[in-house]
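So this one's protein-v6.txt, compact mmCIF, C-alpha atoms:
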```
# COMPACT_ATOMS: atom_id res chain seq x y z
CA MET A 1 0.00 0.00 0.00
CA SER A 2 1.42 3.34 -0.92
CA ALA A 3 1.82 5.89 1.85
CA LEU A 4 -0.48 8.91 2.09
CA ASP A 5 0.49 12.21 0.61
CA PRO A 6 1.99 14.45 3.36
CA ALA A 7 -0.61 17.16 2.65
CA PHE A 8 -3.24 14.98 4.37
CA ALA A 9 -1.21 14.76 7.57
CA TRP A 10 -0.59 18.50 7.52
CA ALA A 11 -4.22 19.40 6.93
CA ALA A 12 -5.35 17.04 9.70
CA SER A 13 -2.81 18.40 12.18
CA ALA A 14 -3.64 22.01 11.33
CA ALA A 15 -7.38 21.38 11.73
CA LEU A 16 -6.76 19.73 15.10
CA ALA A 17 -4.58 22.66 16.18
CA LEU A 18 -7.43 25.07 15.33
CA VAL A 19 -9.93 22.95 17.26
CA PHE A 20 -7.69 22.86 20.36
CA ALA A 21 -6.90 26.57 20.04
CA GLN A 22 -10.59 27.39 20.16
CA ALA A 23 -11.16 24.97 23.05
CA ALA A 24 -8.24 26.39 25.06
CA TRP A 25 -9.36 29.95 24.34
CA HIS A 26 -12.81 29.57 25.87
CA LYS A 27 -11.41 27.58 28.79
CA LEU A 28 -8.80 30.21 29.65
CA ARG A 29 -11.29 33.05 29.18
CA ASP A 30 -13.40 31.68 32.01
CA LEU A 31 -11.26 29.27 33.97
CA GLY A 32 -13.65 29.39 36.93
CA ALA A 33 -16.54 28.10 34.85
CA PHE A 34 -14.39 25.35 33.36
CA ALA A 35 -13.20 24.34 36.85
CA ALA A 36 -16.85 24.10 37.88
CA ALA A 37 -17.55 21.91 34.84
CA VAL A 38 -14.60 19.64 35.74
CA ALA A 39 -15.86 19.42 39.34
CA ALA A 40 -19.36 18.52 38.10
CA TYR A 41 -17.94 15.40 36.42
CA GLU A 42 -17.27 14.13 39.98
CA LEU A 43 -14.24 12.09 38.97
CA LEU A 44 -11.68 14.02 41.00
CA PRO A 45 -11.72 15.15 44.63
CA ALA A 46 -13.34 18.61 44.51
CA PRO A 47 -10.25 20.58 45.68
CA LEU A 48 -8.28 19.21 42.71
CA ALA A 49 -10.74 20.45 40.06
CA PRO A 50 -9.29 24.00 39.60
CA LEU A 51 -5.79 22.54 39.24
CA ALA A 52 -6.98 19.93 36.75
CA ALA A 53 -8.86 22.61 34.78
CA THR A 54 -5.73 24.76 34.52
CA GLN A 55 -3.64 21.79 33.43
CA LEU A 56 -6.13 20.65 30.80
CA ALA A 57 -6.25 24.14 29.32
CA ALA A 58 -2.45 24.37 29.40
CA ALA A 59 -2.15 20.94 27.74
CA GLU A 60 -4.44 22.13 24.95
CA LEU A 61 -2.30 25.24 24.41
CA VAL A 62 0.87 23.13 24.24
CA LEU A 63 -0.82 20.88 21.67
CA VAL A 64 -1.74 23.90 19.52
CA GLY A 65 1.91 24.94 19.35
CA THR A 66 3.44 21.51 18.88
CA LEU A 67 0.91 20.21 16.32
CA LEU A 68 2.24 22.82 13.90
CA LEU A 69 5.96 22.11 14.53
CA PRO A 70 7.26 19.40 12.17
CA PRO A 71 9.71 17.73 14.61
CA ALA A 72 7.17 17.56 17.44
CA ARG A 73 4.13 16.75 15.33
CA ALA A 74 4.02 13.01 15.87
CA ALA A 75 4.43 13.33 19.63
CA ALA A 76 1.78 16.08 19.69
CA ALA A 77 -0.67 13.91 17.73
CA PHE A 78 -0.32 11.12 20.30
CA GLY A 79 -0.71 13.73 23.05
CA ALA A 80 -3.92 14.93 21.41
CA LEU A 81 -5.15 11.35 21.16
CA ALA A 82 -4.40 10.78 24.86
CA LEU A 83 -6.25 14.00 25.85
CA LEU A 84 -9.26 13.03 23.72
CA CYS A 85 -9.26 9.58 25.36
CA ILE A 86 -9.27 11.21 28.83
CA TYR A 87 -12.22 13.44 27.85
CA SER A 88 -14.11 10.52 26.30
CA ALA A 89 -13.51 8.32 29.35
CA ALA A 90 -14.80 11.09 31.65
CA ILE A 91 -17.90 11.55 29.49
CA ALA A 92 -18.52 7.79 29.13
CA LEU A 93 -18.21 7.24 32.90
CA ASN A 94 -20.77 9.95 33.63
CA LEU A 95 -23.08 8.68 30.89
CA ALA A 96 -22.84 5.23 32.49
CA ARG A 97 -23.75 6.79 35.85
CA GLY A 98 -26.79 8.34 34.16
CA ARG A 99 -25.62 11.91 34.79
CA ARG A 100 -26.56 13.33 31.39
CA ASP A 101 -27.62 16.73 32.65
CA ILE A 102 -24.22 18.12 33.59
CA ASP A 103 -22.51 20.53 31.21
CA CYS A 104 -19.89 18.95 28.98
CA GLY A 105 -17.56 21.95 29.40
CA CYS A 106 -16.59 21.55 25.74
CA THR A 107 -18.01 24.77 24.38
CA GLY A 108 -17.66 27.24 27.22
CA PRO A 109 -20.23 28.50 29.72
CA ALA A 110 -22.13 30.48 27.08
CA LEU A 111 -23.06 27.38 25.10
CA ARG A 112 -24.09 24.59 27.44
CA GLN A 113 -23.98 21.11 26.02
CA PRO A 114 -25.40 18.21 28.00
CA LEU A 115 -23.52 14.90 27.86
CA SER A 116 -24.53 12.52 25.09
CA GLY A 117 -23.19 9.78 22.90
CA TRP A 118 -22.58 12.35 20.16
CA LEU A 119 -19.66 13.78 22.15
CA LEU A 120 -18.00 10.37 22.09
CA ALA A 121 -18.49 10.17 18.32
CA ARG A 122 -17.06 13.68 17.91
CA ASN A 123 -14.01 12.80 20.00
CA ALA A 124 -13.53 9.62 17.98
CA ALA A 125 -13.59 11.66 14.76
CA LEU A 126 -11.05 14.11 16.20
CA GLY A 127 -8.94 11.12 17.28
CA ALA A 128 -9.03 9.85 13.71
CA LEU A 129 -7.72 13.24 12.60
CA ALA A 130 -4.86 12.92 15.10
CA LEU A 131 -4.04 9.46 13.76
CA LEU A 132 -4.13 10.79 10.20
CA GLY A 133 -1.50 13.30 11.33
CA VAL A 134 0.94 10.52 12.23
CA ALA A 135 0.06 7.99 9.53
CA PRO A 136 3.12 7.13 7.39
CA SER A 137 3.27 9.65 4.57
CA SER A 138 5.27 9.61 1.35
CA PRO A 139 8.47 11.67 1.38
CA ARG A 140 7.21 14.14 -1.23
CA ALA A 141 8.56 17.63 -0.55
CA LEU A 142 5.79 20.16 -0.09
CA ALA A 143 5.71 23.15 -2.42
CA LEU A 144 3.82 26.44 -2.26
CA PRO A 145 0.61 25.20 -4.00
CA ASP A 146 0.24 22.62 -1.22
CA ALA A 147 -0.67 25.48 1.13
CA LEU A 148 -4.04 25.59 -0.62
CA PRO A 149 -5.43 22.16 0.33
CA ILE A 150 -3.72 22.28 3.74
CA ALA A 151 -5.10 25.67 4.80
CA GLY A 152 -8.40 25.11 3.01
CA GLY A 153 -8.91 21.65 4.45
CA ALA A 154 -8.00 22.77 7.96
CA LEU A 155 -10.29 25.80 7.88
CA ALA A 156 -13.22 23.88 6.40
CA LEU A 157 -12.86 21.04 8.94
CA PHE A 158 -12.60 23.54 11.79
CA ALA A 159 -15.76 25.37 10.70
CA LEU A 160 -17.59 22.03 10.40
CA VAL A 161 -16.53 20.99 13.93
CA LEU A 162 -17.82 24.34 15.27
CA ALA A 163 -21.09 23.94 13.36
CA ALA A 164 -21.54 20.38 14.67
CA ASN A 165 -20.91 21.60 18.23
CA GLN A 166 -23.51 24.32 17.80
CA LEU A 167 -26.08 21.89 16.40
CA ALA A 168 -25.44 19.50 19.28
CA ALA A 169 -25.95 22.36 21.75
CA ASN A 170 -29.21 23.25 19.97
CA ALA A 171 -30.45 19.68 20.10
CA PRO A 172 -32.13 19.74 23.56
CA ALA A 173 -34.08 22.94 22.75
CA SER A 174 -35.01 21.54 19.37
CA GLN A 175 -36.24 18.32 20.96
CA ALA A 176 -38.24 20.23 23.57
CA LEU A 177 -39.92 22.11 20.74
CA HIS A 178 -40.97 18.86 19.08
CA GLU A 179 -42.37 17.54 22.32
CA ARG A 180 -44.76 20.46 22.74
CA PRO A 181 -46.02 21.35 19.27
CA GLN A 182 -49.05 23.08 20.76
CA ALA A 183 -47.05 25.91 22.31
CA ALA A 184 -47.02 27.89 19.06
CA GLU A 185 -50.76 28.36 19.21
CA VAL A 186 -50.91 29.81 22.69
CA ARG A 187 -50.65 33.44 21.55
CA ARG A 188 -54.15 34.32 20.54
CA MET B 1 -3.05 23.05 -17.76
CA SER B 2 -1.68 22.66 -14.29
CA GLU B 3 -2.19 26.36 -13.73
CA ALA B 4 -5.83 26.04 -14.71
CA LEU B 5 -6.21 23.14 -12.25
CA LEU B 6 -4.63 25.21 -9.53
CA VAL B 7 -7.03 28.07 -10.16
CA SER B 8 -10.05 25.80 -10.19
CA ASN B 9 -8.80 24.16 -7.00
CA ALA B 10 -8.40 27.52 -5.29
CA LEU B 11 -11.93 28.47 -6.30
CA LEU B 12 -13.30 25.19 -4.99
CA TRP B 13 -11.54 25.56 -1.65
CA ALA B 14 -12.89 29.07 -1.33
CA ALA B 15 -16.38 27.70 -2.02
CA VAL B 16 -15.97 24.84 0.48
CA ILE B 17 -14.83 27.20 3.23
CA ALA B 18 -17.59 29.68 2.46
CA LEU B 19 -20.18 26.89 2.62
CA ALA B 20 -18.78 25.53 5.89
CA LEU B 21 -18.94 29.03 7.38
CA LEU B 22 -22.52 29.39 6.12
CA VAL B 23 -23.48 26.13 7.82
CA LEU B 24 -21.90 27.43 11.02
CA ALA B 25 -23.76 30.74 10.75
CA LEU B 26 -27.06 28.92 10.14
CA ALA B 27 -26.50 26.64 13.14
CA ARG B 28 -25.82 29.72 15.30
CA GLN B 29 -28.98 31.36 14.03
CA VAL B 30 -30.98 28.26 14.90
CA GLY B 31 -29.51 28.48 18.40
CA VAL B 32 -30.48 32.16 18.74
CA LEU B 33 -33.97 31.42 17.43
CA HIS B 34 -34.40 28.65 20.00
CA GLU B 35 -33.54 31.18 22.68
CA ARG B 36 -35.93 33.75 21.25
CA ILE B 37 -38.93 31.43 20.83
CA ALA B 38 -39.23 31.69 24.55
CA PRO B 39 -41.90 29.30 25.69
CA VAL B 40 -45.03 31.14 26.79
CA GLY B 41 -44.81 29.75 30.27
CA ALA B 42 -41.84 28.44 32.16
CA LEU B 43 -40.64 25.51 30.11
CA ALA B 44 -40.72 22.25 31.99
CA LEU B 45 -38.05 20.02 30.47
CA GLY B 46 -39.89 16.80 31.19
CA ARG B 47 -37.33 14.86 33.19
CA GLY B 48 -36.69 14.52 36.88
CA PRO B 49 -39.36 14.71 39.58
CA ARG B 50 -42.68 15.80 38.10
CA VAL B 51 -45.33 18.15 39.38
CA GLY B 52 -47.45 16.42 42.01
CA GLU B 53 -44.54 14.30 43.17
CA ALA B 54 -42.59 14.92 46.36
CA ALA B 55 -39.56 17.17 45.98
CA PRO B 56 -36.34 15.26 46.71
CA GLY B 57 -35.39 15.59 50.38
CA ILE B 58 -31.92 17.09 50.54
CA GLU B 59 -29.98 18.87 53.25
CA ALA B 60 -27.78 21.34 51.43
CA PRO B 61 -25.00 23.50 52.89
CA THR B 62 -25.58 27.26 52.58
CA LEU B 63 -23.16 30.15 52.22
CA ALA B 64 -23.97 31.16 55.82
CA GLY B 65 -22.35 27.91 56.96
CA ALA B 66 -25.49 26.16 58.25
CA ARG B 67 -27.45 23.48 56.38
CA ILE B 68 -30.87 24.05 54.89
CA ALA B 69 -33.45 21.26 54.71
CA LEU B 70 -35.29 21.01 51.40
CA GLY B 71 -38.16 18.70 50.57
CA GLY B 72 -40.49 17.08 53.08
CA VAL B 73 -43.21 18.71 55.17
CA ALA B 74 -42.33 22.27 56.21
CA ALA B 75 -42.63 22.74 60.00
CA ASP B 76 -43.62 26.40 59.58
CA GLY B 77 -46.24 25.69 56.92
CA ARG B 78 -44.53 27.80 54.25
CA GLY B 79 -44.00 26.80 50.66
CA THR B 80 -40.58 27.06 49.02
CA LEU B 81 -39.45 28.52 45.74
CA LEU B 82 -36.17 26.95 44.68
CA PHE B 83 -34.39 29.27 42.28
CA PHE B 84 -31.46 27.65 40.48
CA LEU B 85 -28.89 30.21 39.36
CA SER B 86 -25.20 30.67 38.72
CA PRO B 87 -22.84 33.66 38.86
CA THR B 88 -21.88 32.87 35.25
CA CYS B 89 -25.47 33.19 34.00
CA PRO B 90 -26.38 36.73 32.92
CA VAL B 91 -30.13 35.99 32.66
CA CYS B 92 -30.12 34.86 36.32
CA LYS B 93 -28.70 38.23 37.40
CA ALA B 94 -31.17 40.16 35.29
CA LEU B 95 -34.09 38.17 36.69
CA LEU B 96 -33.32 38.72 40.41
CA PRO B 97 -35.30 42.00 40.85
CA ALA B 98 -38.30 40.50 39.03
CA LEU B 99 -38.03 37.38 41.20
CA HIS B 100 -38.23 39.40 44.40
CA SER B 101 -41.11 41.57 43.21
CA VAL B 102 -43.14 38.62 41.86
CA ILE B 103 -42.80 36.81 45.21
CA ALA B 104 -43.73 39.96 47.14
CA ARG B 105 -46.88 40.25 45.04
CA GLU B 106 -47.93 36.62 44.63
CA ASP B 107 -46.96 35.01 47.93
CA PRO B 108 -44.94 37.08 50.42
CA ALA B 109 -44.83 34.20 52.93
CA LEU B 110 -42.98 31.99 50.46
CA ARG B 111 -39.52 30.82 51.45
CA LEU B 112 -37.09 31.71 48.66
CA VAL B 113 -34.04 29.46 48.38
CA TYR B 114 -31.27 30.19 45.86
CA ALA B 115 -29.53 27.06 44.63
CA SER B 116 -26.20 26.98 42.87
CA ASP B 117 -22.97 25.04 42.79
CA GLY B 118 -19.35 25.78 42.04
CA PRO B 119 -16.41 27.51 43.74
CA GLU B 120 -17.55 29.09 47.02
CA PRO B 121 -15.64 32.42 46.92
CA GLU B 122 -17.18 33.25 43.55
CA GLN B 123 -20.67 32.37 44.82
CA ARG B 124 -20.18 34.41 47.99
CA ALA B 125 -19.02 37.46 46.02
CA PHE B 126 -22.03 37.07 43.69
CA ALA B 127 -24.53 36.72 46.55
CA GLN B 128 -23.08 39.71 48.39
CA ALA B 129 -22.95 41.87 45.27
CA HIS B 130 -26.67 41.27 44.71
CA GLY B 131 -27.67 41.45 48.36
CA LEU B 132 -28.92 37.86 48.49
CA ASP B 133 -29.60 36.19 51.85
CA LEU B 134 -26.55 33.97 52.50
CA ALA B 135 -28.58 31.69 54.80
CA ALA B 136 -30.94 30.96 51.87
CA TYR B 137 -28.19 30.39 49.31
CA ALA B 138 -27.64 26.65 48.98
CA LEU B 139 -24.51 25.28 47.34
CA SER B 140 -25.18 21.74 46.18
CA THR B 141 -24.57 19.92 42.91
CA GLU B 142 -26.72 17.10 44.27
CA LEU B 143 -29.75 19.38 44.45
CA GLY B 144 -29.49 20.40 40.79
CA LEU B 145 -29.03 16.79 39.72
CA ALA B 146 -31.97 15.62 41.82
CA HIS B 147 -34.20 18.13 40.02
CA HIS B 148 -32.56 17.42 36.64
CA VAL B 149 -31.75 21.10 36.12
CA ALA B 150 -30.20 21.31 32.66
CA LYS B 151 -30.66 25.02 31.95
CA LEU B 152 -30.54 28.12 34.09
CA PRO B 153 -32.34 29.99 35.55
CA TYR B 154 -34.68 27.20 36.67
CA ALA B 155 -37.37 27.50 39.31
CA VAL B 156 -39.25 24.87 41.32
CA LEU B 157 -42.28 25.81 43.40
CA VAL B 158 -42.79 23.42 46.33
CA ASP B 159 -45.77 23.61 48.68
CA ALA B 160 -45.72 23.28 52.48
CA SER B 161 -46.24 19.52 52.31
CA GLY B 162 -43.14 19.10 50.16
CA VAL B 163 -44.94 18.43 46.89
CA ILE B 164 -43.78 20.11 43.67
CA ARG B 165 -46.55 22.46 42.46
CA ALA B 166 -44.90 24.00 39.39
CA GLN B 167 -41.47 24.12 37.83
CA GLY B 168 -39.61 25.12 34.72
CA LEU B 169 -36.97 27.13 32.95
CA VAL B 170 -37.63 30.82 33.68
CA ASN B 171 -36.21 33.50 31.41
CA THR B 172 -38.60 36.38 32.01
CA ARG B 173 -40.91 37.86 34.60
CA GLU B 174 -43.84 36.29 32.73
CA HIS B 175 -42.29 32.85 33.13
CA LEU B 176 -41.99 33.41 36.88
CA GLU B 177 -45.61 34.52 37.10
CA SER B 178 -46.65 31.51 35.06
CA LEU B 179 -45.34 29.26 37.85
CA PHE B 180 -47.81 30.81 40.32
CA GLU B 181 -50.52 30.75 37.67
CA ALA B 182 -49.83 27.06 37.08
CA ARG B 183 -49.96 26.38 40.83
CA GLU B 184 -53.33 28.12 41.18
CA ARG B 185 -54.80 26.22 38.28
CA GLY B 186 -53.41 22.94 39.51
CA VAL B 187 -51.36 22.21 36.41
CA GLY B 188 -47.67 21.48 36.18
CA SER B 189 -46.78 24.05 33.57
CA ILE B 190 -48.54 26.42 31.24
CA GLN B 191 -47.80 24.05 28.36
CA GLU B 192 -49.68 21.32 30.18
CA LEU B 193 -52.63 23.67 30.68
CA VAL B 194 -52.68 24.50 26.97
CA ALA B 195 -52.43 20.82 26.11
CA ARG B 196 -55.31 20.08 28.46
CA GLU B 197 -57.47 22.85 26.96
CA ARG B 198 -56.73 21.61 23.47
CA GLY B 199 -57.44 18.06 24.52
CA GLY B 200 -60.79 19.25 25.92
CA SER B 201 -61.82 21.11 22.77
CA ASP B 202 -60.68 18.18 20.63
CA SER B 203 -62.99 15.83 22.48
CA VAL B 204 -65.89 18.27 21.91
CA THR B 205 -65.39 18.36 18.17
CA HIS B 206 -65.00 14.60 17.88
```
Mind converting the file's structure to structure tokens?
Amino acid sequence: MSALDPAFAWAASAALALVFAQAAWHKLRDLGAFAAAVAAYELLPAPLAPLAATQLAAAELVLVGTLLLPPARAAAAFGALALLCIYSAAIALNLARGRRDIDCGCTGPALRQPLSGWLLARNAALGALALLGVAPSSPRALALPDALPIAGGALALFALVLAANQLAANAPASQALHERPQAAEVRR
Amino acid sequence: MSEALLVSNALLWAAVIALALLVLALARQVGVLHERIAPVGALALGRGPRVGEAAPGIEAPTLAGARIALGGVAADGRGTLLFFLSPTCPVCKALLPALHSVIAREDPALRLVYASDGPEPEQRAFAQAHGLDLAAYALSTELGLAHHVAKLPYAVLVDASGVIRAQGLVNTREHLESLFEARERGVGSIQELVARERGGSDSVTH
């Protein structure tokens, strides 16, 4: 089997870096709210939650930087995979406990997202991107025109991840609307 | 030839990115619309303890240091309004004056309990900044989970015998008033009342 073109790995890594940059940004902007979200997962002793929140946000920032550095890219991709596994395990454990109503903490305090299986699927897709970043690629040297698919692919994937997050956050309201179709006729 | 391919590729990428951004913008708009189509009454989310059932009995710690007993028969014969809020929720802040004036008008004897969870210093600063009674400010994740509070601000009206009389997501003064309206009419939420009225008229036409 021939190895993948290196542009794929670059586009995947760049998209992942954008996703983590956005995630770290909203976490650092309101670290208190993220610490509260970590505490609500009830996996750590409560006094450790602020520390864990800071470290998770810092880890995301480090990933953003290293995912774009060629020598560190492979290590960063495995780091990203490990972080995604930690998040997924935390979500899966709370889903198994039946605590679906806590905020995921994924999209900041302004956009609450209850826990659901979709988050696991999203993390799996992001994990696949990380793996694509370290898959063996052919030794073709990249030239200037390669910037097009790399930047374009990364930006498009990033926008799609954001859109999917927004739709998932809309889902509970949308479902509530379906469950009470009569409400529209109240205003008389 | 290869130059033509490059140009067409650039155009396609521009189109793909523009479309992805459009999808994102549409999803955001759907989110805003969901917020704007505020339900006419407080929106009951349909999980957790229902109206007519006993409110979960929980002893929650308050900011004043003591514990406050919630649920069960009230010794002093007063009902309780549980108001779930958070310092990070702007709507909660905006709703506080309306909350106090609605209670003063509808049922001044009602015991108002604020319920929140999260880091204590932040909560204390929030409660003090808004002049909230620290002895009635419960800090308990358990309480929110027991009532299945998914969105804030959320209010639960409990009567003196510890039974939930009305509950729901409250975003406006009208939503708060609808809780008392729902209690007086003996329905769980205004949506339920509307459903009941519709059900009634349906059976007439059939």
- Message: Contacts from chain A to chain B, 7 Å maximum, only C-alpha atoms: show me the residue list as JSON, numbers by chain.
- Response: {"A": [36, 101, 102, 148, 152, 155, 156, 159, 160, 162, 163, 166, 167, 170, 173, 176, 182, 183]}
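Straight-line separation from atom CA of Arg100 of chain A to atom CA of Arg122 of chain A: 16.5 Å.
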Using all atoms listed in the file, which residues sit within 8 Å of Leu81 of chain B once same-chain residues fewer than 3 positions away are excluded, as a PDB file with C-alpha atoms, in the coordinates of the input?
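The resulting file, out.pdb, is reproduced below:
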```pdb
ATOM      1  CA  LEU B 110     -42.980  31.990  50.460  1.00  0.00           C
ATOM      2  CA  ARG B 111     -39.520  30.820  51.450  1.00  0.00           C
ATOM      3  CA  LEU B 112     -37.090  31.710  48.660  1.00  0.00           C
ATOM      4  CA  VAL B 113     -34.040  29.460  48.380  1.00  0.00           C
ATOM      5  CA  ALA B 155     -37.370  27.500  39.310  1.00  0.00           C
ATOM      6  CA  VAL B 156     -39.250  24.870  41.320  1.00  0.00           C
ATOM      7  CA  LEU B 157     -42.280  25.810  43.400  1.00  0.00           C
ATOM      8  CA  VAL B 158     -42.790  23.420  46.330  1.00  0.00           C
TER       9      VAL B 158
END
```
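Taking atom CA of Tyr114 of chain B and atom CA of Val163 of chain B as endpoints, the distance between them is 18.1 Å.
Compared by their closest atoms to Leu81 of chain A, and using all atoms listed in the file, the residues A:Leu43, A:His26, A:Leu67, A:Ser116 rank with A:Leu67 nearest.
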- Task: For atom CA of Gly131 of chain B and atom CA of Ser161 of chain B, determine how far apart the two atoms are, in Å to one decimal place.
- Result: 29.0 Å
Calculate, to one decimal in Å, the centre and edge lengths of the box along x, y and z of the file that holds all listed atoms of segment 144-156 of chain B with 8 Å of margin on each side, and present them as JSON.
```
{"center_x": -34.1, "center_y": 22.8, "center_z": 36.9, "size_x": 26.2, "size_y": 30.4, "size_z": 25.9}
```
- Task: Show which residues sit within 12 Å of segment 128-131 of chain A, as an NGL selection string. Count only C-alpha atoms, and ignore same-chain residues fewer than 5 positions away.
- Result: :A and (8-17 or 19-20 or 63 or 67 or 73-85 or 121-123 or 136-137 or 153-154 or 157-158 or 161)
Produce a file of the selected residues containing C-alpha atoms, as an mmCIF file, in the coordinates of the input.
```cif
data_model
loop_
_atom_site.group_PDB
_atom_site.id
_atom_site.type_symbol
_atom_site.label_atom_id
_atom_site.label_comp_id
_atom_site.auth_asym_id
_atom_site.auth_seq_id
_atom_site.Cartn_x
_atom_site.Cartn_y
_atom_site.Cartn_z
ATOM 1 C CA PHE A 8 -3.240 14.980 4.370
ATOM 2 C CA ALA A 9 -1.210 14.760 7.570
ATOM 3 C CA TRP A 10 -0.590 18.500 7.520
ATOM 4 C CA ALA A 11 -4.220 19.400 6.930
ATOM 5 C CA ALA A 12 -5.350 17.040 9.700
ATOM 6 C CA SER A 13 -2.810 18.400 12.180
ATOM 7 C CA ALA A 14 -3.640 22.010 11.330
ATOM 8 C CA ALA A 15 -7.380 21.380 11.730
ATOM 9 C CA LEU A 16 -6.760 19.730 15.100
ATOM 10 C CA ALA A 17 -4.580 22.660 16.180
ATOM 11 C CA VAL A 19 -9.930 22.950 17.260
ATOM 12 C CA PHE A 20 -7.690 22.860 20.360
ATOM 13 C CA LEU A 63 -0.820 20.880 21.670
ATOM 14 C CA LEU A 67 0.910 20.210 16.320
ATOM 15 C CA ARG A 73 4.130 16.750 15.330
ATOM 16 C CA ALA A 74 4.020 13.010 15.870
ATOM 17 C CA ALA A 75 4.430 13.330 19.630
ATOM 18 C CA ALA A 76 1.780 16.080 19.690
ATOM 19 C CA ALA A 77 -0.670 13.910 17.730
ATOM 20 C CA PHE A 78 -0.320 11.120 20.300
ATOM 21 C CA GLY A 79 -0.710 13.730 23.050
ATOM 22 C CA ALA A 80 -3.920 14.930 21.410
ATOM 23 C CA LEU A 81 -5.150 11.350 21.160
ATOM 24 C CA ALA A 82 -4.400 10.780 24.860
ATOM 25 C CA LEU A 83 -6.250 14.000 25.850
ATOM 26 C CA LEU A 84 -9.260 13.030 23.720
ATOM 27 C CA CYS A 85 -9.260 9.580 25.360
ATOM 28 C CA ALA A 121 -18.490 10.170 18.320
ATOM 29 C CA ARG A 122 -17.060 13.680 17.910
ATOM 30 C CA ASN A 123 -14.010 12.800 20.000
ATOM 31 C CA PRO A 136 3.120 7.130 7.390
ATOM 32 C CA SER A 137 3.270 9.650 4.570
ATOM 33 C CA GLY A 153 -8.910 21.650 4.450
ATOM 34 C CA ALA A 154 -8.000 22.770 7.960
ATOM 35 C CA LEU A 157 -12.860 21.040 8.940
ATOM 36 C CA PHE A 158 -12.600 23.540 11.790
ATOM 37 C CA VAL A 161 -16.530 20.990 13.930
#
```
